[in-house]
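So this one's upload.txt, compact mmCIF, C-alpha atoms:
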# COMPACT_ATOMS: atom_id res chain seq x y z
CA MET I 1 117.53 45.93 180.66
CA ILE I 2 114.28 46.37 178.74
CA LEU I 3 114.12 45.33 175.10
CA ARG I 4 112.77 47.81 172.59
CA GLN I 5 112.45 45.66 169.48
CA VAL I 6 112.92 42.06 168.36
CA GLU I 7 113.68 40.98 164.79
CA LEU I 8 113.89 37.60 163.13
CA LEU I 9 116.29 37.45 160.18
CA PRO I 10 116.20 34.22 158.12
CA TYR I 11 119.38 33.30 156.26
CA ALA I 12 120.56 30.71 153.75
CA LEU I 13 124.33 30.47 153.27
CA PRO I 14 126.43 28.09 151.12
CA PHE I 15 128.68 25.46 152.68
CA ARG I 16 132.34 25.33 151.63
CA ARG I 17 131.64 21.72 150.62
CA PRO I 18 128.50 19.57 150.96
CA VAL I 19 127.72 18.26 154.43
CA ARG I 20 125.70 15.02 154.47
CA GLY I 21 124.26 15.96 151.10
CA GLU I 22 123.35 19.52 152.11
CA THR I 23 124.86 22.48 150.22
CA THR I 24 123.18 25.33 152.13
CA ARG I 25 123.02 26.23 155.80
CA GLN I 26 119.69 27.69 156.87
CA GLY I 27 118.78 29.34 160.13
CA TRP I 28 117.60 32.54 161.76
CA LEU I 29 119.38 35.42 163.40
CA VAL I 30 117.54 36.75 166.43
CA ALA I 31 118.25 40.47 166.77
CA LEU I 32 117.37 42.13 170.08
CA HIS I 33 117.47 45.93 170.39
CA ASP I 34 117.64 47.91 173.61
CA HIS I 35 116.54 51.50 174.24
CA GLN I 36 120.08 52.85 173.77
CA GLY I 37 120.19 51.71 170.14
CA ARG I 38 122.36 48.64 170.72
CA ARG I 39 121.70 45.39 168.89
CA GLY I 40 122.49 41.93 170.17
CA LEU I 41 122.59 38.94 167.83
CA GLY I 42 122.01 35.23 168.35
CA ASP I 43 121.85 32.34 165.88
CA ALA I 44 119.10 29.69 165.81
CA ALA I 45 120.59 27.07 163.51
CA CYS I 46 118.76 23.73 163.20
CA TRP I 47 120.19 20.45 161.96
CA PRO I 48 118.38 17.12 161.43
CA GLY I 49 118.70 14.82 164.43
CA PHE I 50 119.70 17.57 166.85
CA GLY I 51 117.74 19.87 169.10
CA ALA I 52 114.08 20.63 168.44
CA GLY I 53 114.39 20.60 164.66
CA HIS I 54 113.45 23.09 161.95
CA ALA I 55 109.66 23.02 162.23
CA ALA I 56 109.51 23.30 166.02
CA THR I 57 112.15 26.04 166.08
CA ALA I 58 110.36 28.06 163.39
CA ALA I 59 107.05 27.75 165.23
CA ARG I 60 108.59 28.81 168.55
CA LEU I 61 110.41 31.76 167.02
CA ALA I 62 107.12 33.00 165.57
CA THR I 63 105.45 33.01 168.99
CA LEU I 64 108.55 34.32 170.74
CA LEU I 65 108.78 37.66 168.98
CA PRO I 66 105.78 39.29 170.71
CA GLU I 67 106.75 37.65 174.01
CA LEU I 68 110.19 39.23 174.02
CA SER I 69 109.23 42.64 172.69
CA HIS I 70 109.56 45.02 175.68
CA ALA I 71 110.61 42.14 177.95
CA SER I 72 112.89 42.97 180.87
CA PHE I 73 116.03 41.12 182.01
CA ALA I 74 117.51 42.49 185.22
CA ASP I 75 120.81 40.60 185.05
CA LEU I 76 122.55 37.52 183.63
CA ALA I 77 120.98 35.28 186.25
CA ALA I 78 117.60 36.14 184.72
CA VAL I 79 118.97 35.43 181.24
CA GLU I 80 120.33 32.07 182.30
CA ALA I 81 117.09 31.10 184.07
CA TRP I 82 115.03 31.98 180.99
CA ALA I 83 117.35 30.01 178.69
CA GLN I 84 117.30 26.93 180.91
CA LEU I 85 113.51 26.82 180.79
CA GLU I 86 113.43 27.34 177.02
CA ALA I 87 116.16 24.75 176.38
CA ALA I 88 113.91 21.96 177.64
CA THR I 89 111.84 22.23 174.45
CA THR I 90 113.68 24.35 171.89
CA PRO I 91 117.43 24.58 172.66
CA GLU I 92 118.22 26.40 169.40
CA VAL I 93 115.87 29.20 170.43
CA ALA I 94 117.27 29.24 173.97
CA CYS I 95 120.80 29.58 172.63
CA ALA I 96 119.93 32.28 170.10
CA VAL I 97 118.14 34.48 172.61
CA GLU I 98 120.73 33.89 175.34
CA VAL I 99 123.60 34.85 173.02
CA ALA I 100 121.77 37.95 171.80
CA LEU I 101 121.15 39.02 175.39
CA LEU I 102 124.76 38.31 176.35
CA ASP I 103 125.83 40.41 173.39
CA LEU I 104 123.72 43.32 174.63
CA PHE I 105 124.92 43.02 178.24
CA ALA I 106 128.54 42.82 177.06
CA GLN I 107 128.17 45.97 174.98
CA ARG I 108 126.51 47.80 177.88
CA GLN I 109 129.37 46.79 180.22
CA GLY I 110 132.17 47.40 177.72
CA ARG I 111 133.29 43.76 177.82
CA SER I 112 133.85 41.09 175.21
CA LEU I 113 131.41 38.20 175.09
CA ALA I 114 134.04 35.88 176.61
CA GLN I 115 134.82 38.29 179.45
CA LEU I 116 131.14 38.59 180.32
CA LEU I 117 130.62 34.83 180.20
CA ALA I 118 133.65 34.12 182.40
CA ALA I 119 132.77 36.75 185.01
CA HIS I 120 129.23 35.44 185.38
CA VAL I 121 130.21 31.80 185.86
CA ASP I 122 133.30 32.46 188.02
CA PRO I 123 134.57 35.96 188.94
CA ALA I 124 138.10 34.54 189.22
CA LEU I 125 138.02 33.13 185.66
CA THR I 126 139.97 35.02 183.00
CA PRO I 127 139.27 33.97 179.40
CA ARG I 128 142.15 33.29 177.02
CA ASP I 129 142.80 35.85 174.32
CA SER I 130 143.04 33.10 171.68
CA VAL I 131 141.93 29.50 171.27
CA ARG I 132 143.86 26.62 169.72
CA LEU I 133 142.18 25.39 166.54
CA GLN I 134 141.19 21.91 165.44
CA VAL I 135 141.00 21.89 161.62
CA LEU I 136 139.00 19.40 159.56
CA VAL I 137 141.05 18.01 156.67
CA HIS I 138 140.14 15.64 153.84
CA ASP I 139 143.47 14.69 152.26
CA ALA I 140 147.23 14.86 152.76
CA ASP I 141 147.71 17.99 150.62
CA GLN I 142 145.16 19.91 152.65
CA ALA I 143 146.76 18.70 155.88
CA ALA I 144 150.23 19.74 154.71
CA ALA I 145 148.96 23.23 153.81
CA ALA I 146 147.37 23.58 157.25
CA CYS I 147 150.67 22.53 158.84
CA GLU I 148 152.41 25.33 156.98
CA ALA I 149 149.88 27.76 158.45
CA GLY I 150 150.76 26.65 161.98
CA VAL I 151 147.91 24.22 162.70
CA THR I 152 148.86 21.43 165.11
CA CYS I 153 145.51 19.64 165.60
CA PHE I 154 143.72 17.89 162.76
CA LYS I 155 140.35 16.18 162.47
CA LEU I 156 139.50 13.53 159.88
CA LYS I 157 136.10 12.00 159.16
CA VAL I 158 136.29 8.21 158.86
CA SER I 159 133.96 5.29 158.19
CA ALA I 160 135.18 1.93 156.89
CA ALA I 161 138.83 1.26 157.65
CA ASP I 162 139.47 -0.38 154.28
CA LEU I 163 138.46 2.89 152.58
CA ASP I 164 139.73 5.50 155.04
CA LEU I 165 142.81 3.92 156.58
CA PRO I 166 145.09 4.62 153.58
CA ARG I 167 143.91 8.25 153.50
CA ALA I 168 144.43 8.56 157.25
CA ARG I 169 147.93 7.11 156.93
CA ALA I 170 148.78 9.69 154.27
CA ILE I 171 147.49 12.51 156.47
CA ARG I 172 149.44 11.23 159.48
CA ALA I 173 152.58 11.15 157.33
CA ALA I 174 151.93 14.71 156.11
CA ILE I 175 151.44 16.20 159.59
CA GLY I 176 154.12 14.16 161.33
CA PRO I 177 154.02 12.14 164.55
CA GLU I 178 154.04 15.16 166.87
CA ALA I 179 150.82 16.69 165.53
CA THR I 180 147.48 15.82 167.07
CA LEU I 181 145.12 13.72 164.94
CA ARG I 182 141.49 13.21 165.88
CA LEU I 183 139.15 10.85 164.05
CA ASP I 184 135.40 11.33 163.78
CA ALA I 185 133.20 8.41 162.73
CA ASN I 186 129.89 10.28 163.15
CA GLY I 187 128.30 7.03 164.35
CA ALA I 188 129.24 5.21 161.15
CA TRP I 189 129.92 1.86 162.86
CA SER I 190 126.52 0.42 163.63
CA THR I 191 127.42 -1.96 166.47
CA PRO I 192 130.02 -1.95 169.27
CA ALA I 193 131.57 -5.11 167.78
CA GLU I 194 132.03 -3.44 164.39
CA ALA I 195 133.37 -0.30 166.05
CA LEU I 196 135.87 -2.27 168.11
CA ALA I 197 137.28 -3.93 165.00
CA GLU I 198 137.61 -0.55 163.25
CA LEU I 199 139.19 1.08 166.29
CA GLU I 200 141.82 -1.64 166.43
CA ARG I 201 142.69 -1.02 162.78
CA PHE I 202 142.99 2.73 163.24
CA ALA I 203 145.09 2.39 166.41
CA GLU I 204 148.35 2.42 164.41
CA LEU I 205 147.77 6.14 163.71
CA ALA I 206 147.83 7.03 167.42
CA PRO I 207 144.84 9.40 167.27
CA GLU I 208 144.16 11.52 170.32
CA TRP I 209 140.63 10.11 170.32
CA VAL I 210 137.89 8.78 168.07
CA GLU I 211 134.68 10.77 168.12
CA GLN I 212 131.26 9.10 168.17
CA PRO I 213 132.26 5.63 166.86
CA ILE I 214 128.71 4.24 167.27
CA PRO I 215 125.33 5.93 166.74
CA ALA I 216 123.96 8.18 169.47
CA GLY I 217 121.27 6.98 171.81
CA ASP I 218 122.83 4.21 173.89
CA LEU I 219 125.27 5.57 176.47
CA VAL I 220 125.48 2.18 178.20
CA ALA I 221 126.79 0.60 174.98
CA PHE I 222 129.16 3.54 174.51
CA ALA I 223 130.54 3.07 178.01
CA GLU I 224 131.09 -0.64 177.41
CA LEU I 225 132.84 0.08 174.12
CA ARG I 226 135.10 2.58 175.88
CA ARG I 227 136.16 -0.10 178.37
CA GLN I 228 137.23 -2.38 175.51
CA SER I 229 138.58 0.22 173.09
CA PRO I 230 142.32 0.49 172.35
CA LEU I 231 141.78 4.21 171.75
CA PRO I 232 140.21 7.05 173.76
CA LEU I 233 136.63 7.87 172.78
CA ALA I 234 134.77 11.18 172.57
CA LEU I 235 131.03 11.84 172.67
CA ASP I 236 129.50 14.34 170.26
CA GLU I 237 126.10 13.40 168.80
CA GLY I 238 125.49 11.47 172.03
CA LEU I 239 125.25 14.77 173.94
CA ARG I 240 121.90 16.26 173.04
CA ALA I 241 120.90 17.68 176.42
CA SER I 242 122.39 18.47 179.82
CA ALA I 243 121.01 15.19 181.17
CA ASP I 244 123.10 13.27 178.63
CA LEU I 245 126.29 14.70 180.09
CA GLU I 246 125.30 13.78 183.63
CA ARG I 247 124.50 10.25 182.50
CA ALA I 248 127.78 10.00 180.55
CA LEU I 249 129.74 11.02 183.65
CA GLU I 250 127.82 8.55 185.79
CA LEU I 251 128.67 5.71 183.38
CA ALA I 252 132.27 6.89 182.74
CA ALA I 253 131.22 6.63 179.10
CA ALA I 254 133.83 8.86 177.43
CA ASP I 255 137.35 10.24 177.63
CA ALA I 256 136.30 13.53 176.06
CA LEU I 257 133.14 15.51 175.34
CA VAL I 258 132.33 17.75 172.38
CA LEU I 259 129.97 20.54 173.41
CA LYS I 260 127.81 22.51 170.96
CA PRO I 261 126.15 25.43 172.77
CA THR I 262 123.50 25.62 170.03
CA TYR I 263 122.02 22.28 171.05
CA LEU I 264 122.65 22.51 174.78
CA GLY I 265 120.69 25.75 175.15
CA GLY I 266 123.48 28.33 175.14
CA PRO I 267 127.07 29.03 176.23
CA LEU I 268 126.21 29.59 179.90
CA VAL I 269 124.92 26.06 180.48
CA ALA I 270 127.64 24.66 178.21
CA LEU I 271 130.37 26.28 180.31
CA ARG I 272 128.89 24.97 183.53
CA LEU I 273 128.73 21.48 182.01
CA ALA I 274 132.34 21.80 180.83
CA ARG I 275 133.54 22.68 184.30
CA ARG I 276 131.53 19.80 185.75
CA ALA I 277 133.12 17.35 183.29
CA HIS I 278 136.63 18.73 183.84
CA ALA I 279 136.25 18.27 187.59
CA ALA I 280 135.36 14.63 186.89
CA GLY I 281 138.56 14.14 184.86
CA VAL I 282 136.92 14.24 181.42
CA ARG I 283 138.39 16.43 178.69
CA VAL I 284 136.11 18.94 176.97
CA ILE I 285 136.19 20.86 173.72
CA ALA I 286 133.64 23.22 172.19
CA THR I 287 132.59 23.55 168.59
CA HIS I 288 129.98 25.36 166.56
CA ALA I 289 127.07 23.59 164.86
CA LEU I 290 127.92 24.55 161.27
CA ASP I 291 126.08 27.78 161.97
CA SER I 292 126.81 31.36 160.96
CA VAL I 293 129.57 33.55 162.33
CA VAL I 294 127.21 34.56 165.14
CA GLY I 295 127.07 30.96 166.35
CA ARG I 296 130.83 30.59 165.89
CA ALA I 297 131.43 33.72 167.96
CA ALA I 298 129.43 32.21 170.82
CA ALA I 299 131.35 28.93 170.58
CA LEU I 300 134.62 30.88 170.51
CA ALA I 301 133.69 32.78 173.67
CA LEU I 302 132.83 29.49 175.35
CA SER I 303 136.10 27.91 174.19
CA ALA I 304 138.14 30.76 175.64
CA CYS I 305 136.64 30.02 179.06
CA LEU I 306 137.11 26.24 179.12
CA PRO I 307 139.13 24.83 182.03
CA ALA I 308 141.93 23.59 179.73
CA ASP I 309 143.42 25.07 176.56
CA GLU I 310 142.14 22.34 174.24
CA ALA I 311 142.01 22.60 170.44
CA CYS I 312 138.41 23.43 169.55
CA GLY I 313 136.38 23.11 166.36
CA LEU I 314 135.94 26.74 165.37
CA ALA I 315 136.99 26.82 161.72
CA PRO I 316 134.24 28.17 159.42
CA ALA I 317 132.15 25.72 157.42
CA LEU I 318 130.49 28.35 155.23
CA ALA I 319 131.71 29.79 151.92
CA ALA I 320 129.88 33.07 152.60
CA ASP I 321 128.94 34.41 156.01
CA LEU I 322 127.20 37.27 157.81
CA GLY I 323 130.27 38.90 159.32
CA GLN I 324 133.79 38.04 160.35
CA LEU I 325 135.97 37.11 163.29
CA PRO I 326 139.66 38.00 163.57
CA ALA I 327 141.85 35.99 161.20
CA PRO I 328 143.47 32.84 162.66
CA LEU I 329 147.13 33.18 163.53
CA GLY I 330 149.59 30.32 163.95
CA GLY I 331 146.94 27.67 164.46
CA ARG I 332 145.04 29.76 167.01
CA GLN I 333 141.86 31.83 166.75
CA PRO I 334 142.17 35.26 168.39
CA LEU I 335 139.15 36.60 170.24
CA PRO I 336 137.53 39.93 169.46
CA THR I 337 138.65 42.63 171.87
CA SER I 338 135.77 45.07 171.39
CA PRO I 339 132.60 44.95 173.49
CA GLY I 340 130.08 42.29 172.50
CA GLN I 341 130.68 39.91 169.64
CA GLU I 342 132.31 42.42 167.22
CA LEU I 343 131.63 40.63 163.94
CA GLY I 344 132.65 43.23 161.40
CA GLU I 345 130.60 45.76 159.44
CA PRO I 346 126.95 45.72 160.53
CA SER I 347 125.82 45.84 156.89
CA LEU I 348 127.27 42.36 156.40
CA LEU I 349 124.96 41.00 159.05
CA VAL I 350 121.75 41.57 157.11
CA PRO I 351 122.45 40.47 153.52
CA ALA I 352 119.74 40.59 150.87
CA ALA I 353 119.76 36.77 150.79
CA CYS I 354 118.26 36.75 154.26
CA GLY I 355 114.89 37.79 152.89
CA LYS I 356 112.35 40.01 154.57
CA LYS I 357 112.83 41.12 158.15
CA GLU I 358 110.14 40.01 160.53
CA SER I 359 109.31 42.03 163.62
CA PRO I 360 106.47 42.06 166.12
Same coordinates, now as C-alpha cells:
Amino acid sequence: MILRQVELLPYALPFRRPVRGETTRQGWLVALHDHQGRRGLGDAACWPGFGAGHAATAARLATLLPELSHASFADLAAVEAWAQLEAATTPEVACAVEVALLDLFAQRQGRSLAQLLAAHVDPALTPRDSVRLQVLVHDADQAAAACEAGVTCFKLKVSAADLDLPRARAIRAAIGPEATLRLDANGAWSTPAEALAELERFAELAPEWVEQPIPAGDLVAFAELRRQSPLPLALDEGLRASADLERALELAAADALVLKPTYLGGPLVALRLARRAHAAGVRVIATHALDSVVGRAAALALSACLPADEACGLAPALAADLGQLPAPLGGRQPLPTSPGQELGEPSLLVPAACGKKESP
C-alpha cells in the first residue's frame, strides 16, 4: 500500500467533567489517504507524565508528514516494525500512525479493525463482538443509574480513606455485593507504608483490585507492597513502555495490568504484551487515554482480542467528540461491524474546532 496524502488535524474537545484540573482534551488526528480514496485515522493524544509529551509529539508530527507522504507499507509486519521503532521515542505518534494504517488495511480487506488485529497476531484468534464495560462513577446515585443500565463493573477514584471510604461504602451498597468494584488511587499514597494502611481500610469493600496505589517509577517497591497487601493490585501509570511490563512480570509486581495502546506505541504491541502477561497468569484490561473516539475505537479493538473477557475502560470521557461508536447495550460495548473503524458520519470527524488542516 502506497500513501497518497497525509493530514494532521488538531482538535480540542471538552471533558465531561474536569480531569486533574483540565477541562479540554487536546490532540491530533493523523489522517492517511491511499490511492483508492480511502482514509485511515489515528489519534495522537498527549497527557502530562505519559509518553513523549506534547512538545515532542508536536515536533515529531511536523517532521513526519513529509516522511510518510507517498510512503509504502507492504503488509502489517511492516506497519508493526515501523511503529516499534517510532515508539521508542514518541509512542503517541507510533500509535496514531499504526492505527491509521490498520484502519486503511482493514478497509481494503473488508474487515473490522478488531478482525484485522486478531488475524495478524494469531490467525486462530476470533475477536469478541462486544466488550464488557468498566464504568467510572463518582457517587451512589450515579452508580445506581449505571446498575439500571446493566453495568456490572464499577471504578471509583480514591485517595484518603477518611474522605473516600464513606463514599465508597455508599457506592458498594448501591451496586450490591455481586457487582465488581475497582478502586483507583492514581498514585495518591506517597509511600508503601501509607498505601498499606489505606488498603487495609478499604479491604472491607472487597474490591476486585486497587489500581496504582503508589506513584509510578519504582516497580520493586510496588512488588513488595503487593506481597504485603490484603487486596490485589493493578499497575496503570507504572506501565509506560514495553520494558516496564517485562520488568513487572519478572518481579511479580502486580495481579493485573492496565494497558493504554496510546502510550505503548499502538494496539499491535499492546496485544502482544497482553498475551504475554496472560500466559504468566496476570490479568489484563485495556483502556483509552482520555482521547477522542478514534483512540477509543483502537482500544475497543484491542479489548475485543484480549485473552479473557475482562471489563475494560472504554466509556467516553469527552462531552463532544469527533464521531461515534455503537451505543452500549446491557453493560457491554458492541464493536463496529463495518470495515475499518466505522466512526459515524465523516463530516463529524473534521469539526471546525479542529482548526486548519495541515498537509505536506
Could you name the residues that touch Ala146 of chain I at 12 Å or less, counting only C-alpha atoms, but leaving out those on the same chain fewer than 2 positions away, as a PDB file with C-alpha atoms, keeping the file's coordinate frame?
ATOM      1  CA  LEU I 133     142.180  25.390 166.540  1.00  0.00           C
ATOM      2  CA  GLN I 134     141.190  21.910 165.440  1.00  0.00           C
ATOM      3  CA  VAL I 135     141.000  21.890 161.620  1.00  0.00           C
ATOM      4  CA  LEU I 136     139.000  19.400 159.560  1.00  0.00           C
ATOM      5  CA  VAL I 137     141.050  18.010 156.670  1.00  0.00           C
ATOM      6  CA  HIS I 138     140.140  15.640 153.840  1.00  0.00           C
ATOM      7  CA  ASP I 139     143.470  14.690 152.260  1.00  0.00           C
ATOM      8  CA  ALA I 140     147.230  14.860 152.760  1.00  0.00           C
ATOM      9  CA  ASP I 141     147.710  17.990 150.620  1.00  0.00           C
ATOM     10  CA  GLN I 142     145.160  19.910 152.650  1.00  0.00           C
ATOM     11  CA  ALA I 143     146.760  18.700 155.880  1.00  0.00           C
ATOM     12  CA  ALA I 144     150.230  19.740 154.710  1.00  0.00           C
ATOM     13  CA  GLU I 148     152.410  25.330 156.980  1.00  0.00           C
ATOM     14  CA  ALA I 149     149.880  27.760 158.450  1.00  0.00           C
ATOM     15  CA  GLY I 150     150.760  26.650 161.980  1.00  0.00           C
ATOM     16  CA  VAL I 151     147.910  24.220 162.700  1.00  0.00           C
ATOM     17  CA  THR I 152     148.860  21.430 165.110  1.00  0.00           C
ATOM     18  CA  CYS I 153     145.510  19.640 165.600  1.00  0.00           C
ATOM     19  CA  PHE I 154     143.720  17.890 162.760  1.00  0.00           C
ATOM     20  CA  LYS I 155     140.350  16.180 162.470  1.00  0.00           C
ATOM     21  CA  ILE I 171     147.490  12.510 156.470  1.00  0.00           C
ATOM     22  CA  ALA I 174     151.930  14.710 156.110  1.00  0.00           C
ATOM     23  CA  ILE I 175     151.440  16.200 159.590  1.00  0.00           C
ATOM     24  CA  ALA I 179     150.820  16.690 165.530  1.00  0.00           C
ATOM     25  CA  ALA I 315     136.990  26.820 161.720  1.00  0.00           C
ATOM     26  CA  PRO I 328     143.470  32.840 162.660  1.00  0.00           C
ATOM     27  CA  LEU I 329     147.130  33.180 163.530  1.00  0.00           C
ATOM     28  CA  GLY I 330     149.590  30.320 163.950  1.00  0.00           C
ATOM     29  CA  GLY I 331     146.940  27.670 164.460  1.00  0.00           C
ATOM     30  CA  ARG I 332     145.040  29.760 167.010  1.00  0.00           C
TER      31      ARG I 332
END
Exercise for the section: In Å, rounded to a single decimal, give me how far atom CA of Gln212 of chain I is from atom CA of Ser303 of chain I. Expected result: 20.3 Å
Practice task
Identify, on the basis of only C-alpha atoms, every residue whose closest approach to segment 244-250 of chain I does not exceed 8 Å; exclude the query and any residue fewer than 6 positions from it along the same chain; express the result as a PyMOL selection string.
Solution key: chain I and resi 219+223+238+273+277+280
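Among I:Arg111, I:Leu231, I:Asp184, I:Val294, the residue with the shortest atom-to-atom distance to Leu41 of chain I, counting all atoms listed in the file, is I:Val294.
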Practice task
Go ahead and find all residues with at least one atom no further than 10 Å from (125.0, 33.2, 176.9) in the file's coordinates, using only C-alpha atoms; report them as a ChimeraX atom specification.
Solution key: /I:42,76,79-80,83,94-103,105,113-114,116-117,120,261,265-271,298-299,301-302
Exercise for the section: Quick one: pull the distance between atom CA of Ala241 of chain I and atom CA of Pro14 of chain I, Å, one decimal. Expected result: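 According to the coordinates, atom CA of Ala241 of chain I and atom CA of Pro14 of chain I are separated by 27.9 Å.
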Exercise for the section: Compare I:Leu183, I:Ala188, I:Leu8, I:Ala319 by their minimum atom-to-atom distance to Leu165 of chain I, counting all atoms listed in the file, and give me the closest one. Expected result: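 Of I:Leu183, I:Ala188, I:Leu8, I:Ala319, the one nearest Leu165 of chain I, counting all atoms listed in the file, is I:Leu183.
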Exercise for the section: Tell me, as a VMD selection string, which residues lie within 12 Å of Ala62 of chain I, counting all atoms listed in the file; anything in the same chain fewer than 2 positions away does not count. Expected result: chain I and resid 6 to 10 28 30 55 to 60 64 to 68 93 358 to 360
Handout entry: Closest of I:Asp218, I:Asp291, I:Glu92, I:Glu310 to Leu322 of chain I - atom-to-atom distances counting all atoms listed in the file
Key =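 The closest residue to Leu322 of chain I is I:Asp291.
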Contacts of Leu163 of chain I at 12 Å (only C-alpha atoms; same-chain gap of 4+ positions) as a CSV table (one decimal) with C-alpha atoms, keeping the file's coordinate frame:
chain,number,residue,atom,x,y,z
I,157,LYS,CA,136.1,12.0,159.2
I,158,VAL,CA,136.3,8.2,158.9
I,159,SER,CA,134.0,5.3,158.2
I,167,ARG,CA,143.9,8.2,153.5
I,168,ALA,CA,144.4,8.6,157.2
I,169,ARG,CA,147.9,7.1,156.9
I,198,GLU,CA,137.6,-0.6,163.2
I,201,ARG,CA,142.7,-1.0,162.8
I,202,PHE,CA,143.0,2.7,163.2
Report as a short mmCIF file (atom, residue, chain, number, x, y, z; two decimals) with C-alpha atoms, in the frame of the given file all protein, DNA and RNA residues lying within 6 Å of Ala256 of chain I, evaluated on all atoms listed in the file, omitting residues in the same chain fewer than 5 positions from it.
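Output (around_4.cif):
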data_model
loop_
_atom_site.label_atom_id
_atom_site.label_comp_id
_atom_site.auth_asym_id
_atom_site.auth_seq_id
_atom_site.Cartn_x
_atom_site.Cartn_y
_atom_site.Cartn_z
CA ALA I 234 134.77 11.18 172.57
CA VAL I 282 136.92 14.24 181.42
CA ARG I 283 138.39 16.43 178.69
CA VAL I 284 136.11 18.94 176.97
#
Problem - Using only C-alpha atoms: which of I:Leu104, I:Gly323, I:Ala71, I:Arg16 has the shortest distance to Gly37 of chain I - result: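 Distance minimum relative to Gly37 of chain I lands on I:Leu104.
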Fill in the blank from the handout: Among I:Pro230, I:Pro177, I:Pro307, I:Gly187, Glu200 of chain I is approached most closely, using all atoms listed in the file, by I:Pro230
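If you measure from each of I:Glu224, I:Pro232, I:Ala308, I:Pro123 to Leu251 of chain I using all atoms listed in the file, the closest one turns out to be I:Glu224.
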Practice task
Record the distance separating atom CA of Glu211 of chain I and atom CA of Leu233 of chain I, expressed in Å with one decimal.
Solution key: 5.8 Å
Kindly provide, as JSON, the centre and edge lengths (Å, one decimal) of an axis-aligned box around all atoms of segment 101-114 of chain I given in the file, with 8 Å on each side.
{"center_x": 127.6, "center_y": 41.8, "center_z": 176.8, "size_x": 28.9, "size_y": 27.9, "size_z": 22.8}
Model the absent atoms of segment 126-138 of chain I so that N, CA and C atoms are present, and write the result as a short mmCIF file (atom, residue, chain, number, x, y, z; two decimals), keeping the file's coordinate frame.
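out-v2.cif was written with the following content:
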data_model
loop_
_atom_site.label_atom_id
_atom_site.label_comp_id
_atom_site.auth_asym_id
_atom_site.auth_seq_id
_atom_site.Cartn_x
_atom_site.Cartn_y
_atom_site.Cartn_z
N THR I 126 139.55 34.10 184.06
CA THR I 126 139.97 35.02 183.00
C THR I 126 140.01 34.27 181.68
N PRO I 127 139.25 34.69 180.67
CA PRO I 127 139.27 33.97 179.40
C PRO I 127 140.59 34.15 178.66
N ARG I 128 140.95 33.17 177.86
CA ARG I 128 142.15 33.29 177.02
C ARG I 128 141.90 34.31 175.92
N ASP I 129 142.97 34.89 175.41
CA ASP I 129 142.80 35.85 174.32
C ASP I 129 142.85 35.18 172.95
N SER I 130 143.12 33.86 172.92
CA SER I 130 143.04 33.10 171.68
C SER I 130 142.77 31.64 172.03
N VAL I 131 142.29 30.90 171.06
CA VAL I 131 141.93 29.50 171.27
C VAL I 131 142.63 28.65 170.21
N ARG I 132 143.21 27.55 170.65
CA ARG I 132 143.86 26.62 169.72
C ARG I 132 142.81 25.99 168.82
N LEU I 133 143.14 25.86 167.53
CA LEU I 133 142.18 25.39 166.54
C LEU I 133 142.37 23.92 166.20
N GLN I 134 141.26 23.22 166.07
CA GLN I 134 141.19 21.91 165.44
C GLN I 134 140.69 22.15 164.01
N VAL I 135 141.38 21.63 163.01
CA VAL I 135 141.00 21.89 161.62
C VAL I 135 140.62 20.58 160.93
N LEU I 136 139.46 20.57 160.31
CA LEU I 136 139.00 19.40 159.56
C LEU I 136 139.74 19.35 158.23
N VAL I 137 140.36 18.20 157.93
CA VAL I 137 141.05 18.01 156.67
C VAL I 137 140.50 16.78 155.96
N HIS I 138 140.69 16.73 154.64
CA HIS I 138 140.14 15.64 153.84
C HIS I 138 141.20 14.84 153.11
#
